[in-house]
Structures are given as C-alpha cells and as structure tokens.
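What follows is model_37.cif (mmCIF, C-alpha atoms, pLDDT in the B column; chains and numbers go by the auth columns).
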data_target
#
loop_
_atom_site.group_PDB
_atom_site.id
_atom_site.type_symbol
_atom_site.label_atom_id
_atom_site.label_comp_id
_atom_site.label_asym_id
_atom_site.label_seq_id
_atom_site.Cartn_x
_atom_site.Cartn_y
_atom_site.Cartn_z
_atom_site.B_iso_or_equiv
_atom_site.auth_seq_id
_atom_site.auth_asym_id
ATOM 1 C CA MET A 1 60.329 109.080 115.878 50.00 209 A
ATOM 2 C CA PRO A 2 62.916 110.570 118.287 57.00 210 A
ATOM 3 C CA SER A 3 64.953 108.196 120.411 66.00 211 A
ATOM 4 C CA ARG A 4 63.640 107.574 123.891 76.00 212 A
ATOM 5 C CA THR A 5 65.695 108.834 126.816 79.00 213 A
ATOM 6 C CA ASN A 6 67.079 106.038 128.985 89.00 214 A
ATOM 7 C CA PRO A 7 65.709 103.007 127.101 92.00 215 A
ATOM 8 C CA LEU A 8 67.825 100.600 129.212 96.00 216 A
ATOM 9 C CA LYS A 9 66.226 101.953 132.407 95.00 217 A
ATOM 10 C CA LEU A 10 69.469 102.848 134.139 97.00 218 A
ATOM 11 C CA ASN A 11 69.031 104.148 137.666 97.00 219 A
ATOM 12 C CA PRO A 12 70.051 107.744 138.534 97.00 220 A
ATOM 13 C CA LEU A 13 73.551 106.775 139.744 97.00 221 A
ATOM 14 C CA GLN A 14 74.199 104.740 136.602 98.00 222 A
ATOM 15 C CA LEU A 15 72.917 107.598 134.401 97.00 223 A
ATOM 16 C CA LYS A 16 75.144 110.150 136.139 97.00 224 A
ATOM 17 C CA THR A 17 78.167 107.898 135.838 98.00 225 A
ATOM 18 C CA LEU A 18 77.576 107.227 132.152 98.00 226 A
ATOM 19 C CA ALA A 19 77.036 110.939 131.459 97.00 227 A
ATOM 20 C CA LEU A 20 80.342 111.724 133.188 97.00 228 A
ATOM 21 C CA LEU A 21 82.159 108.999 131.264 98.00 229 A
ATOM 22 C CA GLN A 22 80.724 110.414 128.024 98.00 230 A
ATOM 23 C CA ALA A 23 82.017 113.876 128.969 97.00 231 A
ATOM 24 C CA LEU A 24 85.435 112.458 129.889 97.00 232 A
ATOM 25 C CA ALA A 25 85.564 110.647 126.538 98.00 233 A
ATOM 26 C CA LYS A 26 85.483 114.030 124.764 96.00 234 A
ATOM 27 C CA GLU A 27 88.498 115.359 126.669 96.00 235 A
ATOM 28 C CA PRO A 28 91.997 114.473 125.394 96.00 236 A
ATOM 29 C CA ALA A 29 93.381 114.987 128.912 94.00 237 A
ATOM 30 C CA PHE A 30 91.339 112.019 130.137 96.00 238 A
ATOM 31 C CA ALA A 31 90.652 109.798 127.129 97.00 239 A
ATOM 32 C CA ASP A 32 92.142 108.290 123.996 97.00 240 A
ATOM 33 C CA PRO A 33 90.628 109.102 120.600 96.00 241 A
ATOM 34 C CA PRO A 34 87.970 106.643 119.380 96.00 242 A
ATOM 35 C CA ASP A 35 89.369 103.452 117.886 96.00 243 A
ATOM 36 C CA SER A 36 88.187 101.834 114.648 96.00 244 A
ATOM 37 C CA GLU A 37 85.200 100.281 116.447 95.00 245 A
ATOM 38 C CA GLY A 38 84.155 103.584 117.978 95.00 246 A
ATOM 39 C CA THR A 39 85.224 102.736 121.525 97.00 247 A
ATOM 40 C CA VAL A 40 87.001 105.255 123.741 98.00 248 A
ATOM 41 C CA ARG A 41 89.311 104.339 126.610 97.00 249 A
ATOM 42 C CA ILE A 42 89.209 106.592 129.649 97.00 250 A
ATOM 43 C CA ARG A 43 92.853 106.823 130.758 95.00 251 A
ATOM 44 C CA ALA A 44 92.315 108.819 133.933 93.00 252 A
ATOM 45 C CA LEU A 45 89.557 110.076 136.169 92.00 253 A
ATOM 46 C CA PRO A 46 89.616 113.662 137.412 90.00 254 A
ATOM 47 C CA ASN A 47 90.767 114.499 140.927 87.00 255 A
ATOM 48 C CA ALA A 48 88.328 116.382 143.104 84.00 256 A
ATOM 49 C CA HIS A 49 89.424 119.539 144.853 86.00 257 A
ATOM 50 C CA GLY A 50 87.051 120.503 147.586 87.00 258 A
ATOM 51 C CA ASP A 51 83.536 119.480 146.635 93.00 259 A
ATOM 52 C CA HIS A 52 84.002 119.493 142.863 93.00 260 A
ATOM 53 C CA PHE A 53 86.224 118.660 139.915 93.00 261 A
ATOM 54 C CA HIS A 54 86.553 119.803 136.316 92.00 262 A
ATOM 55 C CA ILE A 55 85.930 118.056 133.026 94.00 263 A
ATOM 56 C CA GLY A 56 87.100 120.460 130.372 90.00 264 A
ATOM 57 C CA ARG A 57 85.212 123.698 130.987 90.00 265 A
ATOM 58 C CA ALA A 58 82.511 122.025 133.076 93.00 266 A
ATOM 59 C CA VAL A 59 82.383 121.761 136.860 94.00 267 A
ATOM 60 C CA VAL A 60 81.000 118.586 138.421 95.00 268 A
ATOM 61 C CA LEU A 61 79.973 118.324 142.057 95.00 269 A
ATOM 62 C CA ALA A 62 81.696 115.421 143.794 94.00 270 A
ATOM 63 C CA ARG A 63 78.305 114.192 145.067 94.00 271 A
ATOM 64 C CA ASP A 64 77.219 113.628 141.440 95.00 272 A
ATOM 65 C CA ALA A 65 80.283 111.475 140.719 94.00 273 A
ATOM 66 C CA THR A 66 80.139 108.765 143.376 94.00 274 A
ATOM 67 C CA GLY A 67 79.463 106.148 140.697 95.00 275 A
ATOM 68 C CA LEU A 68 82.932 106.681 139.211 94.00 276 A
ATOM 69 C CA SER A 69 84.372 104.750 142.146 93.00 277 A
ATOM 70 C CA ASN A 70 81.597 102.163 142.430 95.00 278 A
ATOM 71 C CA PRO A 71 82.381 98.776 140.817 95.00 279 A
ATOM 72 C CA ASN A 72 78.704 97.796 140.896 96.00 280 A
ATOM 73 C CA VAL A 73 77.839 100.700 138.610 97.00 281 A
ATOM 74 C CA TYR A 74 80.549 99.636 136.160 96.00 282 A
ATOM 75 C CA ASN A 75 79.257 96.055 136.258 96.00 283 A
ATOM 76 C CA VAL A 76 75.751 97.159 135.277 97.00 284 A
ATOM 77 C CA LEU A 77 77.027 99.426 132.508 98.00 285 A
ATOM 78 C CA ALA A 78 79.166 96.563 131.186 97.00 286 A
ATOM 79 C CA ARG A 79 76.306 94.086 131.366 97.00 287 A
ATOM 80 C CA LYS A 80 74.170 96.459 129.308 98.00 288 A
ATOM 81 C CA GLY A 81 76.933 96.807 126.681 98.00 289 A
ATOM 82 C CA LEU A 82 77.725 100.457 127.386 98.00 290 A
ATOM 83 C CA ILE A 83 81.273 99.996 128.660 98.00 291 A
ATOM 84 C CA LEU A 84 84.045 97.417 128.659 96.00 292 A
ATOM 85 C CA ALA A 85 86.816 96.924 131.180 90.00 293 A
ATOM 86 C CA GLY A 86 90.266 97.807 129.908 88.00 294 A
ATOM 87 C CA PRO A 87 93.413 95.785 130.649 88.00 295 A
ATOM 88 C CA ALA A 88 94.103 97.789 133.818 89.00 296 A
ATOM 89 C CA GLY A 89 90.415 97.939 134.772 87.00 297 A
ATOM 90 C CA GLU A 90 89.894 101.373 133.240 93.00 298 A
ATOM 91 C CA PRO A 91 86.477 101.981 131.640 96.00 299 A
ATOM 92 C CA ILE A 92 86.188 101.836 127.875 97.00 300 A
ATOM 93 C CA LEU A 93 83.022 103.310 126.443 98.00 301 A
ATOM 94 C CA THR A 94 81.524 101.344 123.605 98.00 302 A
ATOM 95 C CA ALA A 95 79.962 103.084 120.617 98.00 303 A
ATOM 96 C CA ALA A 96 76.583 102.340 122.218 97.00 304 A
ATOM 97 C CA GLY A 97 77.766 103.890 125.476 98.00 305 A
ATOM 98 C CA LEU A 98 78.942 107.027 123.715 97.00 306 A
ATOM 99 C CA ALA A 99 75.647 107.395 121.863 96.00 307 A
ATOM 100 C CA TYR A 100 73.351 106.566 124.796 97.00 308 A
ATOM 101 C CA GLU A 101 70.996 109.437 125.632 94.00 309 A
ATOM 102 C CA THR A 102 71.161 109.891 129.399 94.00 310 A
ATOM 103 C CA GLY A 103 69.102 113.071 129.513 92.00 311 A
ATOM 104 C CA ILE A 104 71.042 114.130 132.613 94.00 312 A
ATOM 105 C CA ALA A 105 74.314 115.679 131.429 92.00 313 A
ATOM 106 C CA GLU A 106 73.050 119.263 131.515 92.00 314 A
ATOM 107 C CA GLN A 107 71.983 118.734 135.143 94.00 315 A
ATOM 108 C CA ILE A 108 75.388 117.583 136.399 95.00 316 A
ATOM 109 C CA LEU A 109 77.869 119.344 134.085 94.00 317 A
ATOM 110 C CA HIS A 110 77.805 122.999 135.173 92.00 318 A
ATOM 111 C CA ALA A 111 79.385 125.983 133.430 81.00 319 A
ATOM 112 C CA SER A 112 82.709 126.790 135.047 65.00 320 A
ATOM 113 C CA PRO A 113 83.089 130.184 136.708 62.00 321 A
ATOM 114 C CA HIS A 114 86.917 129.868 136.600 57.00 322 A
#
Encoded form (structure tokens):
Amino acid sequence: MPSRTNPLKLNPLQLKTLALLQALAKEPAFADPPDSEGTVRIRALPNAHGDHFHIGRAVVLARDATGLSNPNVYNVLARKGLILAGPAGEPILTAAGLAYETGIAEQILHASPH
C-alpha cells in the first residue's frame, strides 16, 4: 500500500515550510551532507530578491516561504519529530523529516527561467 500524503496532518504553512527545508537539504550551498543518523543541518536560508528566491534551479515565491521565519512552525515540526533545533537555532531535518511526503513541493518549487 502506498504511503499516505501528510499522515501527521500538518497545516498548509507547515507543509510548505517542510517542503522548502527538504529542498534546501539537497543543496550544498545551504545544507551539510547527511550525518550518520540521516539528519541534515540547514546552514543558511536563502535571501529573497524581489518577490522570490532560488533554491538550486527552482524559484520560490516569497509568499510561499513565510513559515521559514515563523518560530511556531518550527515548534510544530519539532514536536512531530521532523526537525531538531541546532546549536545556533538553525533547523536540522531528521530522517523522518527528509522522508516525509508533503505532496506540495511541485506546487511551490517552480522551474527557473534564469
């Protein structure tokens, strides 16, 4: 049986934020490689220019990324075991967080025209 999308019943802001963190975790410019436990530390968040920012080759609208600066979103994701807080407060995706099926990434990560 295929895995169910969003089994932890994250709200749309939490889903968007997790999907963005998952995308950032794949980019060496923003994240460390996975450690022995499968966790990935996000070292930096992208800077918006205008109404968007880039994650690798994808463009993300700033309006889809408001959760990246919302501590309440991080608290929920941590409580559900999807992220940890790093020593400087940076998000660390757990193996469960990396594998979580948000079902929303293709809606917020757009192909870059430049």
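When the distance limit is 9 Å and only C-alpha atoms are what count, the residues near segment 215-217 of chain A, minus those fewer than 2 positions from it on the same chain, are A:Ser211, A:Arg212, A:Thr213, A:Asn219, A:Leu223, A:Lys288, A:Tyr308, A:Glu309.
Residue nearest His257 of chain A, chosen from A:Asn283, A:His318, A:Thr225, A:Leu269 and counting all atoms listed in the file: A:Leu269.
Restricting the calculation to all atoms listed in the file, the smallest distance between Leu290 of chain A and any of A:Ser277, A:Gln222, A:Asn255, A:Ser244 is found for A:Gln222.
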Practice item. Could you expand the PyMOL selection byres ((chain A and resi 250) around 8) into the explicit residues it covers here, written as a PyMOL selection string? Key: chain A and resi 229+232-233+238-240+248-249+251-253+298-301
Practice item. Expand the PyMOL selection byres ((chain A and resi 302) around 6) into the individual residues it matches in the shown file, reporting them as a ChimeraX atom specification. Key: /A:247,290-291,301,303-305
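The nearest approach to Ala286 of chain A among the residues A:Leu226, A:Glu235, A:Asp259, A:Asn214, with all atoms listed in the file taken into account, belongs to A:Leu226.
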Review point. What separation in Å, quoted to one decimal, exists between atom CA of Arg265 of chain A and atom CA of Ala319 of chain A?
Key: 6.7 Å
Check your understanding: Of the residues A:Gly289, A:Gly297, A:Pro254, A:Gly311, which is the one nearest to Ala266 of chain A, using all atoms listed in the file?
Key -> A:Pro254
Review point. So which residues touch Asp272 of chain A within 9 Å, counting only C-alpha atoms, skipping near sequence neighbours fewer than 3 positions away, as a list in words?
Key: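 Surrounding residues, per the criterion: Leu221, Lys224, Thr225, Val268, Leu269, Gly275 and Ile316 of chain A.
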Review point. Restricting the calculation to only C-alpha atoms, which member of A:Pro242, A:Ala307, A:His262, A:Ala273 is positioned closest to Pro220 of chain A?
Key: A:Ala273
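Each of A:Gly246, A:Pro295, A:Pro241, A:Gly258 was compared to Arg271 of chain A using all atoms listed in the file, and A:Gly258 turns out to be the nearest.
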Review point. For the atom pair atom CA of Ala296 of chain A and atom CA of Ala231 of chain A, what is the interatomic distance in Å to one decimal place?
Key: 20.7 Å
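Atom pair atom CA of Leu317 of chain A / atom CA of Gly294 of chain A has a distance of 25.2 Å (rounded to one decimal).
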